[in-house]
Every structure is written in C-alpha cells, then in structure tokens.
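Asks: Please read through the structure below; I'll follow up with questions.
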Amino acid sequence: MKSANAIDTARVELLLAELRLPAVKLVWADLAAQADKEGWPAARFLAALAEHEMAERARRRIERHLAEARLPPGKTLDTFDFEAVPVVSKAQVMALAAGDSWLEKGANLIMFGPPGGGKSHLAAALGFALVENGWRVLFTRTTDLVQRLQIARRELTLEAAIAKLDKYHLLILDDLAYVTKDQAETSVLFELIGARYERRSLLVTANQPFGEWGKIFPDQAMTLAVVDRLVHHATIFEMNVESYRRRPPSTANAGAVGHPAARQSPPTPECVAPRQSKLGTDPCATLTPRQLWARRHTGMLILIVAVFPSR
C-alpha cells in the first residue's frame with residue numbers, strides 16, 4: 001500500500017511539473033493530507049490548489065512587471081510627504097493609483113514644478129502602485145527614450161519601436177523640459193505623443209509650464225499640437241514648492257519630500273491670477289490644481305482654442 005502511495009505521489013509530481021503548476025506542486029501534498037484529515041470534499045480541495053496557483057502567478061507577474069518598469073528604488077506613496085506639497089491632494093492621488101478610471105481611457109497625468117519639488121518621486125510612486133494593481137508601467141527619462149527612438153528612426157523601425165511601447169498602460173516621461181530644441185529629437189517625441197493619444201496614457205513631469213514649451217519644440221504649431229493632445233484628457237498637478245536642494249544646509253534634509261520635519265512649515269503655493277481673469281474670485285487656498293493651472297496659463301489656453309477647433 002505504501003509502495004502504491006509512493007508511486008502515485010511521484011506520478012503527481014511529474015504531471016504537475018509537465019503542466020507547469022509549480023505552486024500546486026509545492027503545496028498539494030500538505031493540502032491533500034489536510035483534506036484527508038478534515039474530510040474535505042473534492043471540490044474544496046481542487047479550489048484550494050487553484051487559489052494557491054493563481055496567487056503565486058500574480059506574485060510572479062508583479063515581480064516581472066516591477067522589473068521591467070525600471071522605477072527608481074524607494075519611491076512609494078508611503079514615503080511621499082503630502083504635507084510638504086500641499087497643492088497635491090492625497091485622496092486624488094490614491095484614486096489615481098487604482099488606475100481604472102483613467103488608464104482604461106488613455107487619459108494623461110501632467111506634473112509641473114521646479115526641480116526638487118517631488119515630481120519624479122510622486123510619478124515613480126504612482127507607477128509602483130499601479131504595477132501592484134495589475135497595470136504595466138515604464139519609467140524613463142525623456143532624453144533616454146528620445147535617443148532610443150532616434151536610433152529606431154535611423155534604422156527605419158520607428159513605427160515598430162513606438163508600437164512596442166503599447167504594451168505599457170502608462171509611459172512615464174520624466175524631465176520633459178530637458179529635451180533639447182532639436183528637430184530630430186522633438187519630432188520623434190511628437191510622434192510618440194500622437195501615437196498614444198486617446199489610446200495609451202502618459203505621465204509627464206516638466207520643470208516648465210506649457211507657456212515655456214516653445215523652448216522645447218522647434219515651432220509654435222508643434223508646441224500647440226503637443227499641448228492639445230496632452231491636455232485633452234488630463235489631470236494636472238502644479239507642484240510649486242521650494243526645492244529642498246536650495247534650502248540652507250541646516251534645513252535641507254528637513255525639506256526633502258518624505259522627511260517628517262517637512263511638515264513643520266509647508267511652503268505656500270504661488271497663486272497669481274492673470275489680469276482680467278474671469279475664472280472667479282475664489283481665494284488661492286480653495287482652488288483645485290486644475291484651476292490654479294488655468295489661472296497661470298490662460299494665454300496658452302486661448303492660443304489652443306484659436307488654433308484647434310472644438311471637438
């Protein structure tokens with residue numbers, strides 16, 4: 001009898017290996033013993049095995065997606081100090097971290113602000129949370145990706161290179177403003193943004209607001225076209241906080257985003273309404289990030305409306 005059990009056990013091990021069910025192979029014997037002892041029905045035993053296999057596959061899938069996302073280490077929502085960046089709503093960021101309501105629609109997320117204000121940290125943290133929730137993400141410096149696309153263009157494979165990026169639900173372009181004003185560089189970036197429009201999402205961080213993007217793209221028409229595509233379905237965060245790198249040495253560490261001491265004196269966001277603004281008279285503290293952005297960039301909005309007819 002014992003010999004028969006040993007043969008059956010060896011046979012099960014071989015079959016599970018052949019079927020590529022490694023999680024089931026690890027736990028089936030213990031679960032079978034527990035099922036025999038407690039008198040489980042066959043359906044309960046099979047369900048327990050399937051649950052273990054599915055959980056293990058999900059864990060391995062997240063590990064693979066985190067590896068391919070190339071996210072900077074240590075940047076999570078738990079380590080981001082929202083009180084140091086009071087213009088960013090924690091509740092809104094947590095809702096975005098689920099991804100369902102915007103990634104499925106190919107919507108975008110744009111973060112403006114000076115260097116050292118936490119844009120890259122927040123972008124990476126959102127990417128990490130989205131991967132954990134089952135989405136595929138790629139984090140890259142914009143200049144690095146542009147160089148790769150330029151090589152693809154020279155090799156006549158640009159269309160294929162952009163198509164390969166479609167496997168990522170979210171493409172994080174960090175430091176967009178550092179792309180040089182060069183026709184070859186900006187044209188491949190323009191093609192990437194156009195190809196993903198209303199299909200796949202982009203998260204863009206930039207040190208300069210839209211009004212300064214003429215320094216990035218070589219002509220006004222291209223600038224307006226890029227802004228139009230990015231803004232059409234977008235959530236905008238304007239993170240105008242003092243860079244911790246420029247603070248006095250005694251307070252530089254305390255001002256770093258994520259450091260507990262940063263909560264002692266969060267900086268006040270800049271709020272300068274344009275002349276003859278018709279956006280209302282609400283005080284700065286009550287405005288949403290989108291309203292703050294609109295106040296600062298009314299001129300750019302007027303240009304976009306003038307050049308591009310409403311849909």
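Ordering of the structure tokens sets the chain letters (A, B, ...), residue numbers begin anew at 1 in every chain, and ligands are numbered from 1 in the order given.
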For stretch 19-34 of chain A, work out the shell of residues within 9 Å, counting only C-alpha atoms and skipping chain neighbours fewer than 5 positions away, then give it as a list in words.
Replies: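 Once the adjacent positions are removed, what remains is Thr9, Val12, Glu13, Leu14, Gly39, Trp40, Phe45, Ala48, Leu49, Ala50, His52, Glu53, Met54, Ala55, Glu56 and Arg57 of chain A.
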Asks: Restricted to all heavy atoms, what would the selected residues look like written as a short mmCIF file (atom, residue, chain, number, x, y, z; two decimals), in the first residue's frame?
Replies:
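Listing of selection-v4.cif after writing:
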data_model
loop_
_atom_site.label_atom_id
_atom_site.label_comp_id
_atom_site.auth_asym_id
_atom_site.auth_seq_id
_atom_site.Cartn_x
_atom_site.Cartn_y
_atom_site.Cartn_z
N THR A 9 2.37 9.43 -5.69
CA THR A 9 2.98 10.72 -5.36
C THR A 9 3.98 11.13 -6.42
O THR A 9 4.00 12.28 -6.88
CB THR A 9 3.67 10.65 -3.99
OG1 THR A 9 2.69 10.36 -2.98
CG2 THR A 9 4.35 11.97 -3.66
N VAL A 12 2.11 12.23 -9.56
CA VAL A 12 1.52 13.56 -9.43
C VAL A 12 2.60 14.63 -9.60
O VAL A 12 2.39 15.64 -10.29
CB VAL A 12 0.82 13.71 -8.07
CG1 VAL A 12 0.45 15.17 -7.82
CG2 VAL A 12 -0.42 12.83 -8.02
N GLU A 13 3.78 14.41 -8.98
CA GLU A 13 4.86 15.39 -9.09
C GLU A 13 5.27 15.58 -10.56
O GLU A 13 5.50 16.71 -11.01
CB GLU A 13 6.07 14.92 -8.27
CG GLU A 13 5.82 14.84 -6.77
CD GLU A 13 5.91 16.21 -6.11
OE1 GLU A 13 6.44 17.15 -6.73
OE2 GLU A 13 5.43 16.33 -4.97
N LEU A 14 5.38 14.47 -11.29
CA LEU A 14 5.76 14.56 -12.70
C LEU A 14 4.70 15.28 -13.53
O LEU A 14 5.02 16.11 -14.39
CB LEU A 14 6.00 13.15 -13.26
CG LEU A 14 7.26 12.43 -12.77
CD1 LEU A 14 7.28 10.99 -13.27
CD2 LEU A 14 8.51 13.17 -13.28
N GLY A 39 -11.66 15.69 6.04
CA GLY A 39 -12.78 15.20 5.23
C GLY A 39 -13.29 16.21 4.22
O GLY A 39 -14.50 16.34 4.03
N TRP A 40 -12.38 16.93 3.57
CA TRP A 40 -12.81 17.91 2.57
C TRP A 40 -13.47 17.23 1.38
O TRP A 40 -13.03 16.15 0.95
CB TRP A 40 -11.62 18.70 2.03
CG TRP A 40 -11.00 19.66 3.00
CD1 TRP A 40 -11.32 19.86 4.30
CD2 TRP A 40 -9.91 20.54 2.70
NE1 TRP A 40 -10.52 20.82 4.85
CE2 TRP A 40 -9.63 21.26 3.90
CE3 TRP A 40 -9.14 20.80 1.58
CZ2 TRP A 40 -8.62 22.21 3.97
CZ3 TRP A 40 -8.15 21.75 1.63
CH2 TRP A 40 -7.89 22.45 2.83
N PHE A 45 -10.93 20.82 -2.16
CA PHE A 45 -9.51 20.53 -2.32
C PHE A 45 -8.98 21.14 -3.63
O PHE A 45 -7.94 21.79 -3.66
CB PHE A 45 -9.29 19.02 -2.28
CG PHE A 45 -7.87 18.60 -2.57
CD1 PHE A 45 -6.82 19.04 -1.77
CD2 PHE A 45 -7.59 17.75 -3.63
CE1 PHE A 45 -5.51 18.65 -2.03
CE2 PHE A 45 -6.29 17.35 -3.89
CZ PHE A 45 -5.25 17.80 -3.09
N ALA A 48 -8.76 24.95 -3.41
CA ALA A 48 -7.61 25.40 -2.63
C ALA A 48 -6.33 25.33 -3.46
O ALA A 48 -5.50 26.25 -3.42
CB ALA A 48 -7.47 24.54 -1.37
N LEU A 49 -6.17 24.27 -4.23
CA LEU A 49 -5.00 24.16 -5.10
C LEU A 49 -4.98 25.28 -6.15
O LEU A 49 -3.94 25.90 -6.40
CB LEU A 49 -4.99 22.80 -5.79
CG LEU A 49 -4.72 21.57 -4.92
CD1 LEU A 49 -4.86 20.29 -5.75
CD2 LEU A 49 -3.33 21.63 -4.29
N ALA A 50 -6.14 25.52 -6.76
CA ALA A 50 -6.22 26.55 -7.79
C ALA A 50 -5.93 27.94 -7.22
O ALA A 50 -5.27 28.76 -7.85
CB ALA A 50 -7.60 26.53 -8.45
N HIS A 52 -4.01 28.71 -4.67
CA HIS A 52 -2.57 28.83 -4.43
C HIS A 52 -1.83 29.11 -5.73
O HIS A 52 -0.92 29.95 -5.77
CB HIS A 52 -2.04 27.55 -3.78
CG HIS A 52 -2.21 27.50 -2.30
ND1 HIS A 52 -1.37 28.15 -1.42
CD2 HIS A 52 -3.15 26.89 -1.53
CE1 HIS A 52 -1.76 27.94 -0.18
NE2 HIS A 52 -2.84 27.17 -0.21
N GLU A 53 -2.20 28.42 -6.79
CA GLU A 53 -1.54 28.62 -8.07
C GLU A 53 -1.79 30.03 -8.60
O GLU A 53 -0.86 30.70 -9.09
CB GLU A 53 -2.03 27.57 -9.09
CG GLU A 53 -1.35 27.65 -10.45
CD GLU A 53 0.14 27.36 -10.38
OE1 GLU A 53 0.55 26.52 -9.56
OE2 GLU A 53 0.89 27.98 -11.17
N MET A 54 -3.01 30.50 -8.51
CA MET A 54 -3.33 31.84 -9.00
C MET A 54 -2.60 32.92 -8.20
O MET A 54 -2.09 33.89 -8.77
CB MET A 54 -4.84 32.07 -8.95
CG MET A 54 -5.62 31.26 -9.98
SD MET A 54 -7.40 31.61 -9.95
CE MET A 54 -7.40 33.34 -10.45
N ALA A 55 -2.53 32.75 -6.88
CA ALA A 55 -1.84 33.73 -6.05
C ALA A 55 -0.35 33.79 -6.37
O ALA A 55 0.26 34.86 -6.44
CB ALA A 55 -2.05 33.41 -4.56
N GLU A 56 0.24 32.64 -6.62
CA GLU A 56 1.66 32.59 -6.95
C GLU A 56 1.92 33.20 -8.32
O GLU A 56 2.92 33.91 -8.52
CB GLU A 56 2.15 31.15 -6.91
CG GLU A 56 3.61 30.95 -7.28
CD GLU A 56 4.59 31.65 -6.35
OE1 GLU A 56 4.16 32.03 -5.23
OE2 GLU A 56 5.76 31.84 -6.73
N ARG A 57 1.04 32.94 -9.27
CA ARG A 57 1.21 33.53 -10.59
C ARG A 57 1.09 35.05 -10.53
O ARG A 57 1.84 35.77 -11.20
CB ARG A 57 0.17 32.96 -11.56
CG ARG A 57 0.43 31.51 -11.94
CD ARG A 57 -0.51 31.04 -13.02
NE ARG A 57 -0.24 29.65 -13.38
CZ ARG A 57 -0.83 29.03 -14.40
NH1 ARG A 57 -1.71 29.67 -15.16
NH2 ARG A 57 -0.54 27.76 -14.66
#
Asks: Name the residues of stretch 50-121 of chain A that come out as helix (DSSP H, G or I) in a backbone DSSP run; write them as an MDAnalysis selection string.
Replies: chainID A and resid 50:69 77:79 82:84 90:98 100:103 119:121
Asks: With C-alpha atoms retained, could you export that selection as a PDB file, in the first residue's frame?
Replies:
ATOM      1  CA  ALA A  50      -6.216  26.552  -7.795  1.00  0.00           C
ATOM      2  CA  GLU A  51      -6.183  29.518  -5.385  1.00  0.00           C
ATOM      3  CA  HIS A  52      -2.575  28.828  -4.432  1.00  0.00           C
ATOM      4  CA  GLU A  53      -1.539  28.615  -8.071  1.00  0.00           C
ATOM      5  CA  MET A  54      -3.328  31.840  -9.002  1.00  0.00           C
ATOM      6  CA  ALA A  55      -1.840  33.734  -6.048  1.00  0.00           C
ATOM      7  CA  GLU A  56       1.664  32.588  -6.948  1.00  0.00           C
ATOM      8  CA  ARG A  57       1.209  33.530 -10.592  1.00  0.00           C
ATOM      9  CA  ALA A  58       0.004  37.001  -9.585  1.00  0.00           C
ATOM     10  CA  ARG A  59       3.047  37.437  -7.349  1.00  0.00           C
ATOM     11  CA  ARG A  60       5.445  36.417 -10.110  1.00  0.00           C
ATOM     12  CA  ARG A  61       3.667  38.644 -12.618  1.00  0.00           C
ATOM     13  CA  ILE A  62       4.026  41.696 -10.352  1.00  0.00           C
ATOM     14  CA  GLU A  63       7.722  40.891  -9.879  1.00  0.00           C
ATOM     15  CA  ARG A  64       8.227  40.772 -13.659  1.00  0.00           C
ATOM     16  CA  HIS A  65       6.329  43.988 -14.238  1.00  0.00           C
ATOM     17  CA  LEU A  66       8.208  45.805 -11.485  1.00  0.00           C
ATOM     18  CA  ALA A  67      11.497  44.717 -13.033  1.00  0.00           C
ATOM     19  CA  GLU A  68      10.514  45.942 -16.500  1.00  0.00           C
ATOM     20  CA  ALA A  69       9.052  49.217 -15.149  1.00  0.00           C
ATOM     21  CA  LEU A  77       3.340  56.669  -1.837  1.00  0.00           C
ATOM     22  CA  ASP A  78       4.169  55.719   1.759  1.00  0.00           C
ATOM     23  CA  THR A  79       7.457  57.654   1.560  1.00  0.00           C
ATOM     24  CA  PHE A  82       1.923  65.076   1.008  1.00  0.00           C
ATOM     25  CA  GLU A  83       2.009  67.793   3.663  1.00  0.00           C
ATOM     26  CA  ALA A  84       5.229  69.117   2.131  1.00  0.00           C
ATOM     27  CA  LYS A  90      -3.598  62.779  -1.267  1.00  0.00           C
ATOM     28  CA  ALA A  91      -7.131  61.490  -1.810  1.00  0.00           C
ATOM     29  CA  GLN A  92      -6.912  62.298  -5.526  1.00  0.00           C
ATOM     30  CA  VAL A  93      -3.528  60.601  -5.855  1.00  0.00           C
ATOM     31  CA  MET A  94      -4.815  57.488  -4.103  1.00  0.00           C
ATOM     32  CA  ALA A  95      -7.744  57.372  -6.511  1.00  0.00           C
ATOM     33  CA  LEU A  96      -5.355  57.682  -9.460  1.00  0.00           C
ATOM     34  CA  ALA A  97      -3.268  54.829  -8.049  1.00  0.00           C
ATOM     35  CA  ALA A  98      -6.113  52.414  -8.779  1.00  0.00           C
ATOM     36  CA  ASP A 100      -9.254  52.025 -13.578  1.00  0.00           C
ATOM     37  CA  SER A 101     -10.918  55.371 -14.265  1.00  0.00           C
ATOM     38  CA  TRP A 102      -8.189  56.913 -16.421  1.00  0.00           C
ATOM     39  CA  LEU A 103      -5.808  54.288 -17.794  1.00  0.00           C
ATOM     40  CA  LYS A 119       7.573  65.424  -9.208  1.00  0.00           C
ATOM     41  CA  SER A 120       9.747  62.412 -10.038  1.00  0.00           C
ATOM     42  CA  HIS A 121       9.112  60.883  -6.612  1.00  0.00           C
TER      43      HIS A 121
END
Asks: Which neighbours of A:Asn207 fall inside 7 Å, counting only C-alpha atoms, when residues of the same chain fewer than 6 positions from it are skipped, and could you give them as a PyMOL selection string?
Replies: chain A and resi 112-115+175+177
Asks: Run DSSP on the backbone of this structure and report the residues of stretch 173-240 of chain A it assigns to strand (DSSP E or B), as an MDAnalysis selection string.
Replies: chainID A and resid 173:174 201:206 234:238
Asks: State, in Å with one decimal place, the distance from atom CA of A:Asn133 to atom CA of A:Ile172.
Replies: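 Taking atom CA of A:Asn133 and atom CA of A:Ile172, their separation equals 16.5 Å.
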Asks: Find, counting only C-alpha atoms, the residue in A:Glu198, A:Glu191, A:Gln183, A:Pro72 that gets nearest to A:Thr140.
Replies: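 Once distances to A:Thr140 are computed over only C-alpha atoms, the minimum belongs to A:Pro72.
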